[in-house]
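Participant: Quick one, model.txt (compact mmCIF, C-alpha atoms):
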```
# COMPACT_ATOMS: atom_id res chain seq x y z
CA MET A 1 67.96 111.73 103.65
CA SER A 2 69.62 108.78 105.35
CA PRO A 3 69.59 105.66 103.24
CA SER A 4 67.92 102.54 104.61
CA VAL A 5 69.41 99.20 103.79
CA PRO A 6 67.67 95.86 104.25
CA GLY A 7 68.65 93.45 106.99
CA PRO A 8 72.26 92.38 106.48
CA ARG A 9 73.03 89.42 104.32
CA ARG A 10 74.94 86.71 106.12
CA ALA A 11 78.52 85.94 105.27
CA PRO A 12 79.58 82.29 104.87
CA THR A 13 79.62 80.51 108.21
CA ARG A 14 83.12 80.43 109.65
CA GLY A 15 82.64 79.86 113.38
CA ARG A 16 82.75 82.90 115.58
CA ARG A 17 83.96 85.18 112.78
CA ALA A 18 81.09 84.62 110.36
CA PHE A 19 80.03 88.25 110.21
CA ALA A 20 82.81 89.54 107.94
CA ALA A 21 84.39 87.85 104.93
CA THR A 22 86.69 90.72 103.87
CA TRP A 23 89.62 92.25 105.70
CA TRP A 24 87.90 95.64 105.94
CA GLY A 25 84.72 94.08 107.27
CA GLN A 26 86.80 92.19 109.82
CA ALA A 27 88.50 95.49 110.75
CA TRP A 28 85.06 96.81 111.73
CA VAL A 29 84.38 93.70 113.84
CA THR A 30 87.85 93.91 115.41
CA ALA A 31 87.31 97.56 116.34
CA LEU A 32 84.12 96.53 118.15
CA GLU A 33 85.71 93.59 119.96
CA ASP A 34 88.82 95.56 120.94
CA SER A 35 86.68 98.39 122.35
CA THR A 36 85.56 96.34 125.36
CA LEU A 37 86.67 93.53 127.64
CA ASP A 38 83.05 92.41 128.21
CA SER A 39 83.11 89.16 126.22
CA GLY A 40 79.73 88.13 127.63
CA ARG A 41 77.83 91.02 126.04
CA LEU A 42 79.73 90.55 122.79
CA SER A 43 78.70 86.88 122.77
CA ARG A 44 75.05 87.75 123.33
CA GLY A 45 75.29 90.43 120.64
CA ARG A 46 76.57 87.82 118.16
CA THR A 47 73.66 85.55 119.07
CA TYR A 48 71.13 88.35 118.57
CA ALA A 49 72.63 89.21 115.18
CA ARG A 50 72.60 85.57 114.01
CA GLN A 51 68.99 85.17 115.13
CA GLY A 52 67.89 88.12 112.98
CA MET A 53 66.98 90.35 115.92
CA VAL A 54 68.39 93.42 114.16
CA GLY A 55 65.83 95.31 112.08
CA PRO A 56 66.43 97.42 108.94
CA VAL A 57 69.60 99.47 109.29
CA THR A 58 69.81 103.20 108.62
CA ILE A 59 73.19 104.65 107.72
CA ALA A 60 73.85 108.36 108.13
CA PRO A 61 76.98 110.51 108.48
CA GLY A 62 78.57 109.56 111.79
CA GLN A 63 76.09 106.87 112.80
CA VAL A 64 74.38 103.58 112.02
CA LYS A 65 71.12 102.76 113.77
CA ALA A 66 68.41 100.13 113.86
CA ALA A 67 65.70 98.69 116.07
CA VAL A 68 66.98 95.60 117.89
CA GLN A 69 64.56 93.12 119.41
CA GLY A 70 65.46 92.18 122.97
CA SER A 71 63.71 90.17 125.65
CA ARG A 72 60.83 92.67 125.84
CA PRO A 73 58.01 92.92 123.27
CA ARG A 74 59.04 96.37 122.07
CA PRO A 75 62.41 96.56 120.26
CA TYR A 76 65.11 98.90 121.53
CA ARG A 77 66.54 101.84 119.56
CA SER A 78 70.23 101.11 119.12
CA ALA A 79 72.92 103.15 117.39
CA VAL A 80 76.68 103.23 116.97
CA HIS A 81 78.36 106.58 116.38
CA LEU A 82 81.63 107.18 114.53
CA PRO A 83 83.41 110.56 114.17
CA VAL A 84 82.99 112.14 110.72
CA LEU A 85 86.03 113.48 108.89
CA THR A 86 86.72 117.19 108.73
CA ASP A 87 86.68 119.02 105.38
CA ALA A 88 90.49 119.09 105.44
CA GLN A 89 90.64 115.34 106.08
CA TRP A 90 88.19 114.72 103.24
CA ASP A 91 90.35 116.78 100.87
CA THR A 92 93.36 114.67 101.87
CA LEU A 93 91.43 111.42 101.46
CA LEU A 94 90.05 112.36 98.03
CA ASP A 95 93.53 113.45 96.89
CA THR A 96 94.83 110.06 98.08
CA ILE A 97 92.18 108.20 96.06
CA ALA A 98 92.75 110.36 92.98
CA ALA A 99 96.52 109.84 93.14
CA ARG A 100 96.18 106.20 92.05
CA ALA A 101 93.70 105.12 89.39
CA GLY A 102 93.64 101.64 90.89
CA HIS A 103 92.14 102.93 94.15
CA LEU A 104 88.91 104.11 92.53
CA ALA A 105 88.72 101.07 90.26
CA ALA A 106 88.96 98.76 93.27
CA LEU A 107 86.31 100.70 95.19
CA LEU A 108 83.90 100.55 92.25
CA ASP A 109 84.60 96.82 92.06
CA GLY A 110 83.56 96.42 95.72
CA GLU A 111 87.08 96.21 97.16
CA MET A 112 88.72 98.40 99.82
CA PRO A 113 92.40 98.68 98.80
CA ALA A 114 94.71 98.14 101.77
CA GLU A 115 97.18 100.58 100.20
CA LEU A 116 94.51 103.32 100.21
CA VAL A 117 93.85 102.79 103.92
CA ASP A 118 97.62 102.83 104.59
CA ASP A 119 98.20 106.00 102.56
CA ALA A 120 95.26 107.75 104.25
CA ARG A 121 96.41 106.72 107.73
CA HIS A 122 99.94 107.99 107.09
CA ALA A 123 98.37 111.30 105.99
CA GLY A 124 96.45 111.51 109.27
CA VAL A 125 93.04 110.37 107.99
CA PRO A 126 91.47 107.43 109.87
CA LEU A 127 89.21 105.74 107.32
CA LEU A 128 88.58 102.44 109.09
CA PRO A 129 87.44 102.81 112.71
CA GLN A 130 89.70 102.52 115.73
CA PRO A 131 88.35 100.86 118.91
CA THR A 132 88.26 104.20 120.72
CA GLU A 133 86.10 105.78 117.97
CA LEU A 134 83.05 103.52 118.19
CA ASP A 135 80.45 105.07 120.51
CA PRO A 136 77.42 102.81 121.14
CA GLU A 137 74.00 104.06 122.26
CA CYS A 138 70.81 102.18 123.16
CA SER A 139 67.44 102.82 124.77
CA CYS A 140 67.69 99.64 126.85
CA PRO A 141 68.42 99.77 130.61
CA ASP A 142 71.63 97.75 130.22
CA TRP A 143 74.66 99.70 131.42
CA GLY A 144 77.10 97.71 129.25
CA TYR A 145 79.37 99.58 126.86
CA PRO A 146 78.36 98.37 124.39
CA CYS A 147 75.18 96.63 125.48
CA LYS A 148 74.25 93.41 123.67
CA HIS A 149 71.80 95.27 121.39
CA ALA A 150 74.38 97.77 120.13
CA ALA A 151 76.90 94.94 119.79
CA ALA A 152 74.37 93.00 117.68
CA LEU A 153 73.95 96.04 115.43
CA CYS A 154 77.73 96.28 114.99
CA TYR A 155 78.02 92.62 114.03
CA ALA A 156 75.01 92.80 111.71
CA ILE A 157 76.32 95.77 109.72
CA ALA A 158 79.67 94.01 109.04
CA ALA A 159 78.24 92.07 106.07
CA THR A 160 76.91 95.31 104.56
CA ILE A 161 80.37 96.86 104.88
CA ASP A 162 81.78 93.69 103.28
CA ALA A 163 79.56 94.12 100.23
CA ASP A 164 80.02 97.88 99.80
CA PRO A 165 83.14 99.67 101.11
CA PHE A 166 81.43 103.00 100.36
CA VAL A 167 79.39 102.38 103.54
CA VAL A 168 82.54 103.29 105.49
CA PHE A 169 82.77 106.55 103.54
CA ALA A 170 79.11 107.30 104.34
CA LEU A 171 79.73 106.71 108.04
CA ARG A 172 82.69 109.08 107.85
CA GLY A 173 80.45 111.82 106.45
CA ARG A 174 80.04 111.53 102.68
CA GLY A 175 78.09 109.04 100.60
CA ARG A 176 79.03 107.24 97.41
CA GLU A 177 77.57 109.78 94.96
CA GLU A 178 79.19 112.77 96.66
CA VAL A 179 82.58 111.03 96.78
CA LEU A 180 82.38 110.12 93.07
CA ALA A 181 81.23 113.63 92.13
CA ARG A 182 84.18 115.23 93.94
CA LEU A 183 86.60 112.80 92.35
CA ARG A 184 85.19 113.65 88.89
CA ALA A 185 85.64 117.36 89.67
CA ARG A 186 89.29 116.72 90.55
CA ARG A 187 89.87 114.85 87.32
CA THR A 188 88.21 117.61 85.27
CA ALA A 189 90.33 120.26 86.98
CA ALA A 190 93.49 118.25 86.35
CA GLN A 191 92.65 117.88 82.64
CA ALA A 192 91.97 121.62 82.34
CA THR A 193 95.31 122.59 83.90
CA PRO A 194 97.68 123.91 81.19
CA PRO A 195 100.87 121.94 80.69
CA ALA A 196 103.90 123.07 82.64
CA PRO A 197 106.30 125.33 80.74
CA ALA A 198 109.26 123.66 79.12
CA GLY A 199 112.22 123.48 81.46
CA LEU A 200 115.77 122.25 81.26
CA ARG A 201 116.46 118.97 79.50
CA ALA A 202 116.98 116.26 82.10
CA ALA A 203 119.97 114.69 80.31
CA GLY A 204 121.83 118.00 80.10
CA THR A 205 121.07 118.90 83.71
CA TYR A 206 122.30 115.52 84.96
CA ALA A 207 125.48 115.77 82.88
CA ALA A 208 126.22 119.20 84.37
CA TRP A 209 125.60 117.89 87.87
CA ALA A 210 127.85 114.85 87.27
CA ALA A 211 130.67 117.10 86.01
CA LEU A 212 130.38 119.29 89.10
CA ALA A 213 130.31 116.26 91.40
CA GLU A 214 133.59 115.01 89.91
CA HIS A 215 135.39 118.10 91.24
CA THR A 216 133.58 118.31 94.57
CA PRO A 217 135.11 116.52 97.56
CA PRO A 218 132.73 114.00 99.17
CA LEU A 219 130.94 114.96 102.34
CA PRO A 220 132.49 113.55 105.50
CA GLU A 221 130.83 110.60 107.17
CA LEU A 222 128.50 111.53 109.97
CA PRO A 223 129.99 110.72 113.38
CA GLU A 224 128.29 108.16 115.56
CA PRO A 225 125.88 109.98 117.87
CA ALA A 226 126.90 110.09 121.48
CA PRO A 227 124.44 108.61 123.99
CA HIS A 228 121.83 111.17 125.00
CA THR A 229 122.59 112.31 128.53
CA ALA A 230 120.77 115.67 128.72
CA ALA A 231 118.72 116.22 131.84
CA LEU A 232 115.63 118.34 132.29
CA PRO A 233 116.42 121.74 133.78
CA ALA A 234 113.44 121.44 136.13
CA ALA A 235 111.02 118.80 137.31
CA PRO A 236 107.58 118.63 135.67
CA PRO A 237 104.84 120.53 137.53
CA PRO A 238 103.11 118.43 140.18
CA GLY A 239 99.77 116.93 139.25
CA THR A 240 100.60 116.53 135.56
CA GLY A 241 101.18 112.79 135.82
CA LEU A 242 104.59 113.24 134.18
CA SER A 243 107.85 112.18 135.77
CA THR A 244 111.37 113.40 135.10
CA ALA A 245 112.55 109.88 134.28
CA ASP A 246 109.76 109.36 131.73
CA LEU A 247 110.41 112.66 129.95
CA GLU A 248 114.17 112.06 129.84
CA ARG A 249 113.53 108.64 128.37
CA LEU A 250 111.38 110.20 125.64
CA MET A 251 114.15 112.72 124.96
CA ALA A 252 116.64 109.88 124.56
CA ASP A 253 114.25 108.06 122.23
CA THR A 254 113.80 111.21 120.12
CA ALA A 255 117.59 111.70 119.89
CA THR A 256 118.06 108.09 118.75
CA ARG A 257 115.38 108.42 116.10
CA ALA A 258 116.88 111.72 114.87
CA ALA A 259 120.26 110.01 114.46
CA ARG A 260 118.65 107.29 112.36
CA VAL A 261 116.93 109.88 110.16
CA LEU A 262 120.32 111.53 109.51
CA LYS A 263 121.56 108.15 108.30
CA GLY A 264 118.63 107.86 105.89
CA ASP A 265 116.27 105.70 107.96
CA THR A 266 113.00 107.66 107.83
CA THR A 267 110.78 104.77 108.92
CA SER A 268 109.80 106.34 112.24
CA LEU A 269 108.62 109.57 110.56
CA HIS A 270 105.50 107.96 109.11
CA LEU A 271 104.11 105.90 111.98
CA SER A 272 100.55 106.07 113.22
CA GLN A 273 99.89 106.45 116.95
CA HIS A 274 99.38 102.75 117.57
CA GLU A 275 102.42 101.83 115.42
CA ASP A 276 104.63 104.21 117.41
CA ALA A 277 103.26 102.84 120.69
CA THR A 278 104.06 99.34 119.46
CA ARG A 279 107.59 100.46 118.51
CA ILE A 280 108.19 101.78 122.03
CA ALA A 281 106.74 98.64 123.61
CA ALA A 282 109.01 96.45 121.46
CA SER A 283 112.12 98.29 122.72
CA ASN A 284 111.95 96.55 126.14
CA CYS A 285 110.48 99.63 127.78
CA GLY A 286 109.69 97.84 131.04
CA PRO A 287 106.42 96.61 132.54
CA GLU A 288 105.14 99.99 133.77
CA TRP A 289 105.52 101.72 130.42
CA PHE A 290 104.19 98.66 128.61
CA HIS A 291 100.92 98.64 130.52
CA HIS A 292 100.58 102.43 130.26
CA LEU A 293 100.90 102.13 126.48
CA ILE A 294 98.08 99.59 126.42
CA GLN A 295 95.84 101.82 128.54
CA ASN A 296 96.56 105.07 126.73
CA THR A 297 96.09 103.64 123.22
CA GLY A 298 92.85 101.89 124.18
CA ALA A 299 94.18 98.63 122.73
CA LYS A 300 93.10 95.17 123.80
CA PRO A 301 96.04 93.73 125.79
CA THR A 302 96.36 90.48 123.84
CA ALA A 303 96.14 92.28 120.48
CA PHE A 304 98.77 94.79 121.61
CA VAL A 305 101.16 92.01 122.68
CA ARG A 306 100.65 90.32 119.30
CA LEU A 307 101.47 93.55 117.44
CA THR A 308 104.53 94.09 119.63
CA ARG A 309 105.82 90.71 118.57
CA ALA A 310 104.99 91.53 114.93
CA TRP A 311 107.09 94.72 115.23
CA ARG A 312 110.05 92.78 116.63
CA TYR A 313 110.00 90.45 113.65
CA GLY A 314 109.29 93.00 110.92
CA GLY A 315 108.97 96.61 112.10
CA PRO A 316 106.18 98.65 110.44
CA THR A 317 105.87 96.08 107.66
CA GLY A 318 105.36 93.39 110.29
CA ILE A 319 102.42 95.41 111.66
CA THR A 320 100.90 95.69 108.17
CA VAL A 321 101.27 91.94 107.62
CA ALA A 322 99.61 91.23 110.98
CA GLU A 323 96.65 93.54 110.38
CA GLN A 324 95.94 93.71 106.65
CA PRO A 325 95.72 90.79 104.20
CA HIS A 326 96.18 91.77 100.57
CA THR A 327 96.03 90.13 97.14
CA PRO A 328 99.59 89.67 95.79
CA ASP A 329 100.81 88.60 92.36
CA PRO A 330 99.34 85.12 91.76
CA THR A 331 102.64 84.04 90.20
CA ALA A 332 104.47 84.58 93.50
CA MET A 333 101.88 82.56 95.41
CA THR A 334 101.96 79.71 92.90
CA ALA A 335 105.77 79.55 92.97
CA ALA A 336 105.81 79.55 96.77
CA ARG A 337 103.15 76.82 96.94
CA THR A 338 105.17 74.64 94.55
CA ALA A 339 108.39 75.14 96.53
CA LEU A 340 106.66 74.34 99.82
CA THR A 341 105.01 71.21 98.41
CA GLU A 342 108.39 69.89 97.25
CA ALA A 343 110.05 70.74 100.58
CA LEU A 344 107.26 69.14 102.62
CA ALA A 345 107.58 65.91 100.62
CA GLU A 346 111.16 65.65 101.97
CA MET A 347 110.33 66.82 105.51
CA THR A 348 107.49 64.41 106.29
CA THR A 349 105.96 61.24 104.93
CA THR A 350 102.47 62.38 105.92
CA PRO A 351 100.51 64.36 103.28
CA VAL A 352 100.20 68.01 104.32
CA ALA A 353 97.12 70.09 103.46
CA LEU A 354 98.20 73.47 102.10
CA ARG A 355 95.49 76.12 101.79
CA THR A 356 95.86 79.46 99.93
CA TRP A 357 93.93 82.65 100.71
CA ARG A 358 95.01 86.10 99.54
CA ASN A 359 98.65 86.50 100.71
CA ARG A 360 98.52 83.56 103.13
CA LEU A 361 99.59 79.93 102.81
CA THR A 362 98.28 77.80 105.68
CA LEU A 363 99.35 74.31 106.78
CA THR A 364 96.08 73.61 108.56
CA ASP A 365 97.07 70.35 110.27
CA HIS A 366 100.32 71.85 111.58
CA ARG A 367 98.87 75.25 112.62
CA ILE A 368 101.50 77.06 110.55
CA GLN A 369 100.82 80.01 108.28
CA LEU A 370 103.16 81.95 105.99
CA ARG A 371 102.16 85.49 105.01
CA LEU A 372 103.67 87.27 102.03
CA GLY A 373 104.41 90.87 102.98
CA PRO A 374 104.51 93.92 100.69
CA ASP A 375 108.31 93.70 100.98
CA THR A 376 108.13 90.25 99.22
CA ARG A 377 109.30 88.47 102.37
CA TRP A 378 107.49 85.58 104.04
CA TYR A 379 106.38 86.03 107.65
CA PRO A 380 105.87 82.80 109.69
CA TYR A 381 102.85 82.56 112.03
CA LEU A 382 101.68 79.87 114.47
CA GLN A 383 98.08 79.29 115.55
CA HIS A 384 97.39 79.04 119.27
CA ASP A 385 94.59 77.26 121.09
CA ASP A 386 92.34 80.33 121.03
CA GLY A 387 92.38 80.25 117.22
CA ASP A 388 94.45 83.43 116.82
CA TRP A 389 97.60 83.57 114.68
CA TRP A 390 100.80 84.89 116.30
CA PRO A 391 104.05 86.02 114.62
CA ALA A 392 106.57 83.25 115.29
CA ALA A 393 109.91 84.11 113.64
CA PRO A 394 111.68 86.73 111.50
CA ALA A 395 110.63 87.03 107.86
CA ASP A 396 112.64 85.55 105.01
CA PRO A 397 112.59 86.05 101.21
CA ASP A 398 112.44 82.25 100.79
CA PRO A 399 109.13 80.61 101.85
CA VAL A 400 110.87 77.27 102.57
CA THR A 401 113.35 78.94 104.93
CA ALA A 402 110.46 80.73 106.65
CA LEU A 403 108.66 77.40 107.06
CA THR A 404 111.65 75.54 108.49
CA SER A 405 112.20 78.33 111.04
CA VAL A 406 108.96 77.29 112.78
CA TRP A 407 108.63 73.66 111.67
CA GLN A 408 110.67 72.33 114.59
CA GLN A 409 108.55 74.31 117.05
CA THR A 410 105.46 72.44 115.90
CA GLU A 411 107.07 69.03 115.49
CA ALA A 412 109.59 68.68 118.32
CA VAL A 413 107.73 70.72 120.94
CA SER A 414 104.22 69.58 120.16
CA GLY A 415 103.35 69.53 123.84
CA ASN A 416 103.77 73.31 124.00
CA ARG A 417 102.24 74.09 120.65
CA GLY A 418 99.22 76.33 120.83
CA VAL A 419 100.01 77.80 124.23
CA ARG A 420 99.37 81.51 124.19
CA PRO A 421 102.44 83.56 125.22
CA GLY A 422 102.29 84.95 128.75
CA LEU A 423 101.43 88.64 129.06
CA ARG A 424 104.80 89.68 130.43
CA GLY A 425 105.55 93.25 131.23
CA ASP A 426 107.92 93.58 128.27
CA GLY A 427 105.31 92.22 125.86
CA ARG A 428 107.33 89.14 124.83
```
I need this file expressed as structure tokens, please.
Facilitator:
Amino acid sequence: MSPSVPGPRRAPTRGRRAFAATWWGQAWVTALEDSTLDSGRLSRGRTYARQGMVGPVTIAPGQVKAAVQGSRPRPYRSAVHLPVLTDAQWDTLLDTIAARAGHLAALLDGEMPAELVDDARHAGVPLLPQPTELDPECSCPDWGYPCKHAAALCYAIAATIDADPFVVFALRGRGREEVLARLRARRTAAQATPPAPAGLRAAGTYAAWAALAEHTPPLPELPEPAPHTAALPAAPPPGTGLSTADLERLMADTATRAARVLKGDTTSLHLSQHEDATRIAASNCGPEWFHHLIQNTGAKPTAFVRLTRAWRYGGPTGITVAEQPHTPDPTAMTAARTALTEALAEMTTTPVALRTWRNRLTLTDHRIQLRLGPDTRWYPYLQHDDGDWWPAAPADPDPVTALTSVWQQTEAVSGNRGVRPGLRGDGR
């Protein structure tokens, strides 16, 4: 039976983004807002949600639904559908949770670990929704996609997702109790597995390998790969939408990536679809390819440009920093805050407000933000007039160096501060 949950509790008021207080709740809201360019219906949906027009919500595998009061006396039947995971994807996801004890502990504590979502995505399991996955439905005559009633439902459910990350699991096909039962079964099976037979002693094996290596000549250095110049033996069939130039460019890209893998750089082997599209866009692919990448990934243009810039400054880690806040070691944040306070005392005579949240240090009055990445480097961001934060410079291990890299932009060019970058064809 589908569980019913009461009307959503409201998150603390924070302007337009008051519906989600956690990063995973905001990911749900972002998926909704990136799924459409119809800002008017989204705005009306936010108003409906704030006014309590959304009735009790029912959550079931693959859908969330509720009655939403519109302008007519009788409420409309609204729903939002989300693809459920296959059995194979569930096995992968449960194995991913079981692999780290901290994942389950965080979930039971009401937290969605960013590392779990990353690990699942790299294994091909989309836990949090993508914009192209949300499928709204409503009994109203509005042709919008989504209509304001379905949008209101999406905003209203964000606070419920905030409070209980297992709601996302239920939408993907399995509820809290089933997930916990299957995890217990995995733990029981692991405990019942007999220990592995005794093998060779590690110290002796390493000593034998070291002795053999002493008498083995080193492998030659790999030669630098020649530029890829292979041509297709025949043109693509007409009507496929493919061009010879595009396919040859993809061949050259594949050859370049293969050469990097041979040198030990395996970064590009573990990219999601939108990360790989961002990588291609960041390589100055030209305006036509850039806009095709936006269309074919279903991304919102401005968000895609922002991620392209994040890739240029930090590669895959830059994307993670742009999309997923996390809770780092408090000692690192305290040390960084102290260093920045001392540096700011020398840089300006005006007191500077410095706010800390998760992995982010924000100079509110200067519209500067430093984000600590999982690689322990600090990524500088600037806030533009629309309120969004944009990557502004390469990352640095030292928070003071990261700050000074953007300080002059906000102080000496104050007339240009906050101007959103133009949507150029190369994404810069």
Participant: May I have the protein, DNA and RNA residues with an atom at most 9 Å from (75.3, 95.1, 128.1), counting all atoms listed in the file in the file's coordinates, returned as number ranges by chain?
Facilitator: A: 38, 40-42, 44-45, 140-151
Participant: So that I can check the surroundings of A:Trp357, please list as a list in words every protein, DNA and RNA residue that reaches within 10 Å of it, counting only C-alpha atoms and ignoring chain neighbours fewer than 5 positions away.
Facilitator: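 What passes the distance filter is Pro325, His326, Thr327, Met333, Thr362 and Arg371 of chain A.
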Participant: Between atom CA of A:Val261 and atom CA of A:Gly298, what is the spacing in Å?
Facilitator: 29.0 Å
Participant: Which residue, A:Thr302, A:Thr188, A:Thr278, A:Thr356, has the smallest gap to A:Ile319 when you use only C-alpha atoms?
Facilitator: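 Comparing A:Thr302, A:Thr188, A:Thr278, A:Thr356 against A:Ile319, the winner is A:Thr278.
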Participant: For stretch 285-304 of chain A versus stretch 228-251 of chain A, which residues have an atom no more than 12 Å away, and what is each residue's nearest atom pair and distance in Å rounded to one decimal, using only C-alpha atoms, chain-then-number order, as a tab-separated table?
Facilitator:
```
residue	atom	partner	partner_atom	distance
A:Cys285	CA	A:Arg249	CA	9.5
A:Gly286	CA	A:Asp246	CA	11.5
A:Glu288	CA	A:Asp246	CA	10.6
A:Trp289	CA	A:Asp246	CA	8.8
A:His292	CA	A:Asp246	CA	11.6
```
Participant: Go ahead and compute the interatomic distance for atom CA of A:Cys138 and atom CA of A:Asp87, in Å to one decimal.
Facilitator: 29.2 Å
Participant: Can you pull out the residues contacting stretch 392-400 of chain A? Cut-off 8 Å, using all atoms listed in the file, and skip same-chain residues under 3 positions away; I want them as a list of chain:residue names.
Facilitator: A:Tyr313, A:Gly314, A:Ala336, A:Ala339, A:Leu340, A:Ala343, A:Leu370, A:Thr376, A:Arg377, A:Trp378, A:Tyr379, A:Pro380, A:Tyr381, A:Leu382, A:Leu403, A:Thr404, A:Ser405, A:Val406
Participant: Using all atoms listed in the file, which of A:Arg360, A:Arg355, A:Arg309, A:Arg186 sits nearest A:Ala332?
Facilitator: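 Of A:Arg360, A:Arg355, A:Arg309, A:Arg186, the one nearest A:Ala332 is A:Arg360, counting all atoms listed in the file.
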Participant: Extending 5 Å beyond the listed atoms of stretch 20-31 of chain A on each side, what axis-aligned box results? I want centre and edge lengths in Å to one decimal, as AutoDock Vina command-line options.
Facilitator:
```
--center_x 86.2 --center_y 92.7 --center_z 110.1 --size_x 16.8 --size_y 19.7 --size_z 22.5
```
Participant: Which is closest to A:Val179 among A:Ala335, A:Ile97, A:Leu372, A:Ala156, if we use all atoms listed in the file?
Facilitator: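 Among the listed residues, the smallest separation from A:Val179 belongs to A:Ile97.
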Participant: Supply stretch 145-151 of chain A as a PDB file, in the frame of the given file, with all heavy atoms built in where the input has gaps.
Facilitator:
```pdb
ATOM      1  N   TYR A 145      78.819  98.661 127.873  1.00  0.00           N
ATOM      2  CA  TYR A 145      79.370  99.580 126.860  1.00  0.00           C
ATOM      3  C   TYR A 145      80.288  98.784 125.942  1.00  0.00           C
ATOM      4  O   TYR A 145      81.458  98.610 126.254  1.00  0.00           O
ATOM      5  CB  TYR A 145      80.133 100.703 127.559  1.00  0.00           C
ATOM      6  CG  TYR A 145      80.461 101.874 126.646  1.00  0.00           C
ATOM      7  CD1 TYR A 145      79.547 102.894 126.447  1.00  0.00           C
ATOM      8  CD2 TYR A 145      81.689 101.952 126.006  1.00  0.00           C
ATOM      9  CE1 TYR A 145      79.855 103.967 125.625  1.00  0.00           C
ATOM     10  CE2 TYR A 145      81.999 103.015 125.181  1.00  0.00           C
ATOM     11  CZ  TYR A 145      81.079 104.017 124.996  1.00  0.00           C
ATOM     12  OH  TYR A 145      81.378 105.080 124.183  1.00  0.00           O
ATOM     13  N   PRO A 146      79.747  98.211 124.837  1.00  0.00           N
ATOM     14  CA  PRO A 146      78.360  98.370 124.390  1.00  0.00           C
ATOM     15  C   PRO A 146      77.449  97.348 125.068  1.00  0.00           C
ATOM     16  O   PRO A 146      77.909  96.317 125.551  1.00  0.00           O
ATOM     17  CB  PRO A 146      78.460  98.073 122.900  1.00  0.00           C
ATOM     18  CG  PRO A 146      79.562  97.054 122.802  1.00  0.00           C
ATOM     19  CD  PRO A 146      80.555  97.428 123.865  1.00  0.00           C
ATOM     20  N   CYS A 147      76.142  97.621 125.046  1.00  0.00           N
ATOM     21  CA  CYS A 147      75.180  96.630 125.480  1.00  0.00           C
ATOM     22  C   CYS A 147      75.061  95.573 124.372  1.00  0.00           C
ATOM     23  O   CYS A 147      75.571  95.744 123.261  1.00  0.00           O
ATOM     24  CB  CYS A 147      73.825  97.269 125.764  1.00  0.00           C
ATOM     25  SG  CYS A 147      73.002  97.894 124.278  1.00  0.00           S
ATOM     26  N   LYS A 148      74.347  94.491 124.656  1.00  0.00           N
ATOM     27  CA  LYS A 148      74.250  93.410 123.670  1.00  0.00           C
ATOM     28  C   LYS A 148      73.480  93.830 122.423  1.00  0.00           C
ATOM     29  O   LYS A 148      73.719  93.307 121.328  1.00  0.00           O
ATOM     30  CB  LYS A 148      73.598  92.177 124.297  1.00  0.00           C
ATOM     31  CG  LYS A 148      72.268  92.404 124.998  1.00  0.00           C
ATOM     32  CD  LYS A 148      71.785  91.132 125.682  1.00  0.00           C
ATOM     33  CE  LYS A 148      70.519  91.353 126.507  1.00  0.00           C
ATOM     34  NZ  LYS A 148      70.803  92.152 127.717  1.00  0.00           N
ATOM     35  N   HIS A 149      72.577  94.824 122.557  1.00  0.00           N
ATOM     36  CA  HIS A 149      71.800  95.270 121.390  1.00  0.00           C
ATOM     37  C   HIS A 149      72.675  96.070 120.432  1.00  0.00           C
ATOM     38  O   HIS A 149      72.629  95.856 119.207  1.00  0.00           O
ATOM     39  CB  HIS A 149      70.600  96.088 121.852  1.00  0.00           C
ATOM     40  CG  HIS A 149      69.829  95.438 122.962  1.00  0.00           C
ATOM     41  ND1 HIS A 149      69.959  95.831 124.278  1.00  0.00           N
ATOM     42  CD2 HIS A 149      68.953  94.398 122.951  1.00  0.00           C
ATOM     43  CE1 HIS A 149      69.177  95.068 125.027  1.00  0.00           C
ATOM     44  NE2 HIS A 149      68.559  94.189 124.257  1.00  0.00           N
ATOM     45  N   ALA A 150      73.475  97.004 120.989  1.00  0.00           N
ATOM     46  CA  ALA A 150      74.380  97.770 120.130  1.00  0.00           C
ATOM     47  C   ALA A 150      75.457  96.874 119.536  1.00  0.00           C
ATOM     48  O   ALA A 150      75.877  97.057 118.388  1.00  0.00           O
ATOM     49  CB  ALA A 150      75.013  98.909 120.944  1.00  0.00           C
ATOM     50  N   ALA A 151      75.913  95.884 120.319  1.00  0.00           N
ATOM     51  CA  ALA A 151      76.900  94.940 119.790  1.00  0.00           C
ATOM     52  C   ALA A 151      76.300  94.155 118.625  1.00  0.00           C
ATOM     53  O   ALA A 151      76.956  93.935 117.598  1.00  0.00           O
ATOM     54  CB  ALA A 151      77.360  93.991 120.890  1.00  0.00           C
TER      55      ALA A 151
END
```
